[in-house]
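Here the structure comes first, spelled out in structure tokens, and everything after it is commentary.
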Amino acid sequence: MTHRPYTPWLFLAPGLAICLMFTIFPFLNMIVLAFTDASALGGGRFTGVDNFVRMAQDPKFWAAARNSLLYMVCVVPPLVLLPLLIAMLAQKVVPGIGIFRTAFFTPVIASTVVVGLIWTWLLDSRGLVNNVVEALGGSRIGFLTDSTLLLISSMVVTVWRGLGYYMVIYLAALANVPKDLHEAAMVDGAGPVRRFWSVTVPSIRPTMVLVAALSAVNGFRVFSEIYLLSGGSGGPGGASTTLVMLIQLTGRGLTGEVGYASALSIVLFVILLGLLLITLRLNRREDRL
Amino acid sequence: MKRRTFLAGLAAVPVAGCGLSGTSSTSTGTTGQVTGEITFQTWSLKPKYTDYVNGVVDAFQKQHQGTTVKWVDQPADGYLAKVMADASAGSLPDVINVPPDLSFPLAKAGQLVNLDESMKDAKPEYLGNAWQAFEIPGKGGCYGFPWYLNTGPIFYNKALFSQAGLDPDKPPTNFKELEEQALKLAQKKIAILGQTPSIADFGLYGVKLFENDRFTFNEPKGVELAESYKRMYDAGALIPEALTQNYTGAGAKFMAQQTALNPGSAYDLGKFKTDAPSLYANVGISTPITNTGSANMFLHGVSVPKSSKNQATALAFGRFVTNAENQVRFAKLASIFPSTSKGGDDPYFTTEDGTDEARVRVAAAKQLKTAVNYTPVQFSDQMREALLQQLADAMLGKKSPKQALDDAVSECNRLLK
């Protein structure tokens, strides 16, 4: 069967148009705006690399970049390991396993705002956790009012929310691990721990790299958790502000500094691109080995 | 009370994305026949006030045959983002509901019709302080018909005051008394406030906020207020969340009886009654804490963008919505107050009927005659954030109150450019 050469393009056209309008054009526009002093109400004047020079001297940028980096470094290991362990448990076919799987997946589909509110109520200075701490004789802990504890609390929420999502990815990967490998290892006398390290982990390594890449990118551009737990303030003195939150705080409103916010977005884009390229290279190296 | 939320009590955290290149507005003339179709955008009035707004629209259309008013209501959440997107695209509705701090950047960018030029006879119909709130300071011109106003008493928790050995009938009326009573409450581990001072609090303290196109709230009186809050914070008179909270958060803490005092409005009293009955049983109502003798005022208005293709009709409708008759009817429905010069004379705002609601209403209406919109129109969201962050650093002892205010003023002045 033959078709006209432009037929595939006709099928692609709606998707391409949406992509051009809502992704490519805004992205190109952002690059242009990054070299101007634009506000929400005006295109601004060309200012060369002024925004980037300002960024290099802006302590808020460095603090936000440090927080984002710290966030990524702290959430990636638990998000690579914990969902794998949960997936191994959820893989078992035992009565009631459906409830277990659903329980871990529920936070993924729950509204971010609802999740944020629940955790705020839990961790508030008069919240459930602090009431328990006080009832046990301890003094109240500033989970949401101390900048370091606020970051840690947000990380806990991120890990809690991510468990179910990555668990599903691991479940798919574990289903593809050949059973005969496990059986052969058992015949050779390998115990469960040895089989985990020598059979399971090597078989699902590409998936682990994928989970690491996804969680690293999501961790670096964290916004909702910090925003909701800090009531939109970025913590006391803004000390827990992350890079995406700084972009939002800088560019929002009719008086927002859209030019500077665009420059910050470009830097974020470059960092994330770098992260993905590193992961891609690691993955390729794994494939070659 | 935070201006964005005082009518509907809805929490609004406006989040805006990055805009495209700006647009320039071209005037299409303010004279001409009152006819044709216009769009009227309001801020979170549906569904509670649907009948009222539809009634106003119908009355206008009846009075001006050949006109059609299309009413669009936007939720409080994301209102700013919507206005920003429309302003960037040059497609603002013909009549738009905005508070002064939203009208200011639009007027500065030349996007709003100057009422001093196009509706010269309208000014006497409104309260002077309300009309002034929509002017660009130092440059003249008024860019919005004042609409509904609010001011409020302070609410305090009488039970908590008694618990600390304070007279429950003598709450603080100025900032000196506030600190004295706060420190006494703190001795009993009771926090009095859920917020660090806002820019309006600096105004109420008597601090010069803005002069000669510069922010000046780091003057000695401003430092004095910040130092007073620092002493209260150190004593435990402010809850820990005060360092990050806005008005909505502080109000929730007062409702939960975690703080002993909070500024509010007539609207809040109804909320206490239904949402916090145990607080309502103990709630005391008093005049606002001020060193100047004038209370703080919040207001909304309606502006007409220059991009409107039917400015004559838009201006006529803006004036109609905000006329005395329509404002008084609205005020009776919504626990707000009219901004027209004669609206406050209605017996509804001058006569008590023995209920707490009427007492708050009459007191607030009286207060409004001398009230001031302390928040400078130039004070943007980013500036509010800068002040909150610097004050948090001062409270935590990371810098002195003087240094914190110097840094906040410097950041606000940078953002002014």
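Note on naming: chains are A, B, ... as they come in the structure tokens, residues start from 1 per chain, ligands start from 1 in the order shown.
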
Return as a list in words the full set of residues in range 188-268 of chain B whose backbone-based DSSP assignment is strand (DSSP E or B).
-> Ala191, Leu193, Phe210, Glu211, Arg214, Phe215, Leu238, Thr259, Leu261, Asn262 and Pro263 of chain B

Chain A residues near chain B within 8 Å, closest pair each, using only C-alpha atoms, as a tab-separated table:
residue	atom	partner	partner_atom	distance
A:Pro26	CA	B:Leu20	CA	7.9
A:Asn29	CA	B:Leu20	CA	7.0
A:Ala38	CA	B:Ser21	CA	7.8
A:Ser39	CA	B:Gly19	CA	7.7
A:Ala40	CA	B:Gly19	CA	5.2
A:Leu41	CA	B:Gly22	CA	5.1
A:Gly42	CA	B:Gly22	CA	3.7
A:Gly43	CA	B:Ser21	CA	4.2
A:Gly44	CA	B:Ser21	CA	7.9
A:Ser125	CA	B:Pro240	CA	7.4
A:Gly142	CA	B:Pro240	CA	7.6
A:Leu144	CA	B:Glu241	CA	7.6
A:Thr145	CA	B:Glu241	CA	6.0
A:Ser230	CA	B:Thr244	CA	6.7
A:Gly231	CA	B:Gln245	CA	6.6
A:Gly232	CA	B:Val13	CA	7.9
A:Ser233	CA	B:Thr244	CA	5.7
A:Gly234	CA	B:Thr244	CA	7.9
A:Gly235	CA	B:Thr244	CA	6.1
A:Pro236	CA	B:Leu243	CA	5.5
A:Gly237	CA	B:Gln389	CA	3.7
A:Gly238	CA	B:Gln389	CA	5.7
A:Gln248	CA	B:Val15	CA	7.4
A:Leu249	CA	B:Gln382	CA	6.9
A:Thr250	CA	B:Gln382	CA	7.1
A:Gly251	CA	B:Cys18	CA	6.2
A:Arg252	CA	B:Ala16	CA	4.5
A:Gly253	CA	B:Ala16	CA	5.7
A:Leu254	CA	B:Met84	CA	5.8
A:Thr255	CA	B:Ser380	CA	6.7
A:Gly256	CA	B:Gln382	CA	7.4
A:Val258	CA	B:Cys18	CA	5.8
A:Ala261	CA	B:Cys18	CA	7.8
A:Ser262	CA	B:Cys18	CA	7.6

Keeping only N, CA and C atoms, take the residues you just selected and write them out as a tab-separated table (two decimals), in the first residue's frame.
chain	number	residue	atom	x	y	z
A	26	PRO	N	8.00	28.83	24.06
A	26	PRO	CA	8.32	29.41	25.38
A	26	PRO	C	9.79	29.24	25.74
A	29	ASN	N	11.72	31.75	23.77
A	29	ASN	CA	11.39	33.06	24.34
A	29	ASN	C	12.14	33.28	25.65
A	38	ALA	N	13.50	42.25	31.25
A	38	ALA	CA	12.04	42.19	31.08
A	38	ALA	C	11.30	42.02	32.39
A	39	SER	N	10.12	42.63	32.45
A	39	SER	CA	9.19	42.36	33.55
A	39	SER	C	7.97	41.71	32.93
A	40	ALA	N	6.99	41.40	33.77
A	40	ALA	CA	5.79	40.73	33.25
A	40	ALA	C	5.06	41.61	32.25
A	41	LEU	N	5.22	42.92	32.38
A	41	LEU	CA	4.45	43.83	31.54
A	41	LEU	C	5.27	44.44	30.41
A	42	GLY	N	6.50	44.03	30.26
A	42	GLY	CA	7.29	44.65	29.20
A	42	GLY	C	8.40	43.76	28.72
A	43	GLY	N	8.73	43.87	27.44
A	43	GLY	CA	9.77	43.04	26.84
A	43	GLY	C	11.14	43.36	27.37
A	44	GLY	N	11.31	44.56	27.92
A	44	GLY	CA	12.59	44.93	28.51
A	44	GLY	C	13.63	45.33	27.49
A	125	SER	N	4.35	22.96	64.63
A	125	SER	CA	4.87	23.01	66.01
A	125	SER	C	3.82	22.51	67.02
A	142	GLY	N	11.21	22.00	65.78
A	142	GLY	CA	10.80	22.93	64.72
A	142	GLY	C	10.96	22.34	63.33
A	144	LEU	N	9.19	22.59	60.77
A	144	LEU	CA	8.87	23.52	59.68
A	144	LEU	C	9.40	24.93	59.93
A	145	THR	N	10.01	25.14	61.08
A	145	THR	CA	10.45	26.49	61.40
A	145	THR	C	11.97	26.60	61.53
A	230	SER	N	6.65	25.22	53.70
A	230	SER	CA	7.11	26.51	54.23
A	230	SER	C	6.06	27.59	54.05
A	231	GLY	N	4.88	27.21	53.59
A	231	GLY	CA	3.82	28.21	53.38
A	231	GLY	C	4.20	29.21	52.29
A	232	GLY	N	5.01	28.77	51.34
A	232	GLY	CA	5.38	29.64	50.22
A	232	GLY	C	6.53	30.58	50.52
A	233	SER	N	7.12	30.46	51.71
A	233	SER	CA	8.14	31.45	52.10
A	233	SER	C	9.57	30.96	51.87
A	234	GLY	N	9.76	29.68	51.68
A	234	GLY	CA	11.13	29.17	51.57
A	234	GLY	C	11.82	29.06	52.92
A	235	GLY	N	11.02	28.98	53.96
A	235	GLY	CA	11.60	28.81	55.31
A	235	GLY	C	11.98	30.14	55.93
A	236	PRO	N	12.36	30.12	57.21
A	236	PRO	CA	12.73	31.37	57.88
A	236	PRO	C	13.89	32.06	57.16
A	237	GLY	N	13.70	33.30	56.81
A	237	GLY	CA	14.74	34.04	56.10
A	237	GLY	C	14.96	33.53	54.69
A	238	GLY	N	14.09	32.67	54.21
A	238	GLY	CA	14.23	32.10	52.85
A	238	GLY	C	15.39	31.14	52.75
A	248	GLN	N	10.51	30.96	40.85
A	248	GLN	CA	9.10	31.35	41.04
A	248	GLN	C	9.00	32.66	41.83
A	249	LEU	N	9.78	32.78	42.90
A	249	LEU	CA	9.71	33.99	43.72
A	249	LEU	C	10.19	35.21	42.94
A	250	THR	N	11.17	35.01	42.06
A	250	THR	CA	11.74	36.13	41.31
A	250	THR	C	10.82	36.58	40.18
A	251	GLY	N	10.20	35.62	39.51
A	251	GLY	CA	9.47	35.98	38.30
A	251	GLY	C	7.98	36.20	38.48
A	252	ARG	N	7.45	35.91	39.66
A	252	ARG	CA	6.00	35.94	39.81
A	252	ARG	C	5.46	37.38	39.90
A	253	GLY	N	4.21	37.51	39.54
A	253	GLY	CA	3.52	38.78	39.73
A	253	GLY	C	3.79	39.79	38.64
A	254	LEU	N	3.00	40.86	38.69
A	254	LEU	CA	3.13	41.91	37.68
A	254	LEU	C	4.45	42.65	37.79
A	255	THR	N	5.08	42.57	38.95
A	255	THR	CA	6.34	43.28	39.13
A	255	THR	C	7.53	42.32	39.11
A	256	GLY	N	7.27	41.09	38.72
A	256	GLY	CA	8.33	40.07	38.73
A	256	GLY	C	9.46	40.39	37.76
A	258	VAL	N	11.20	39.06	35.24
A	258	VAL	CA	11.11	37.93	34.31
A	258	VAL	C	12.46	37.66	33.62
A	261	ALA	N	14.62	35.85	36.14
A	261	ALA	CA	14.06	34.51	36.36
A	261	ALA	C	14.36	33.61	35.16
A	262	SER	N	14.33	34.17	33.96
A	262	SER	CA	14.65	33.38	32.76
A	262	SER	C	16.11	32.94	32.77

Determine, counting only C-alpha atoms, which protein, DNA and RNA residues have an atom within 7 Å of an atom of Val34 in chain B; residues of the same chain fewer than 3 positions away are not included. Present the result as a PyMOL selection string.
-> chain B and resi 64+312-313

Atomic separation - CA of Gly164 in chain A relative to CA of Val94 in chain A, Å |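 Between these atoms lies a distance of 18.7 Å.
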
Skip Phe330 in chain B itself and residues of its chain fewer than 4 positions away, then list as a ChimeraX atom specification all residues within 10 Å of it, counting only C-alpha atoms.
-> /B:49,52-53,56,147-148,321-322,324-326,334-338
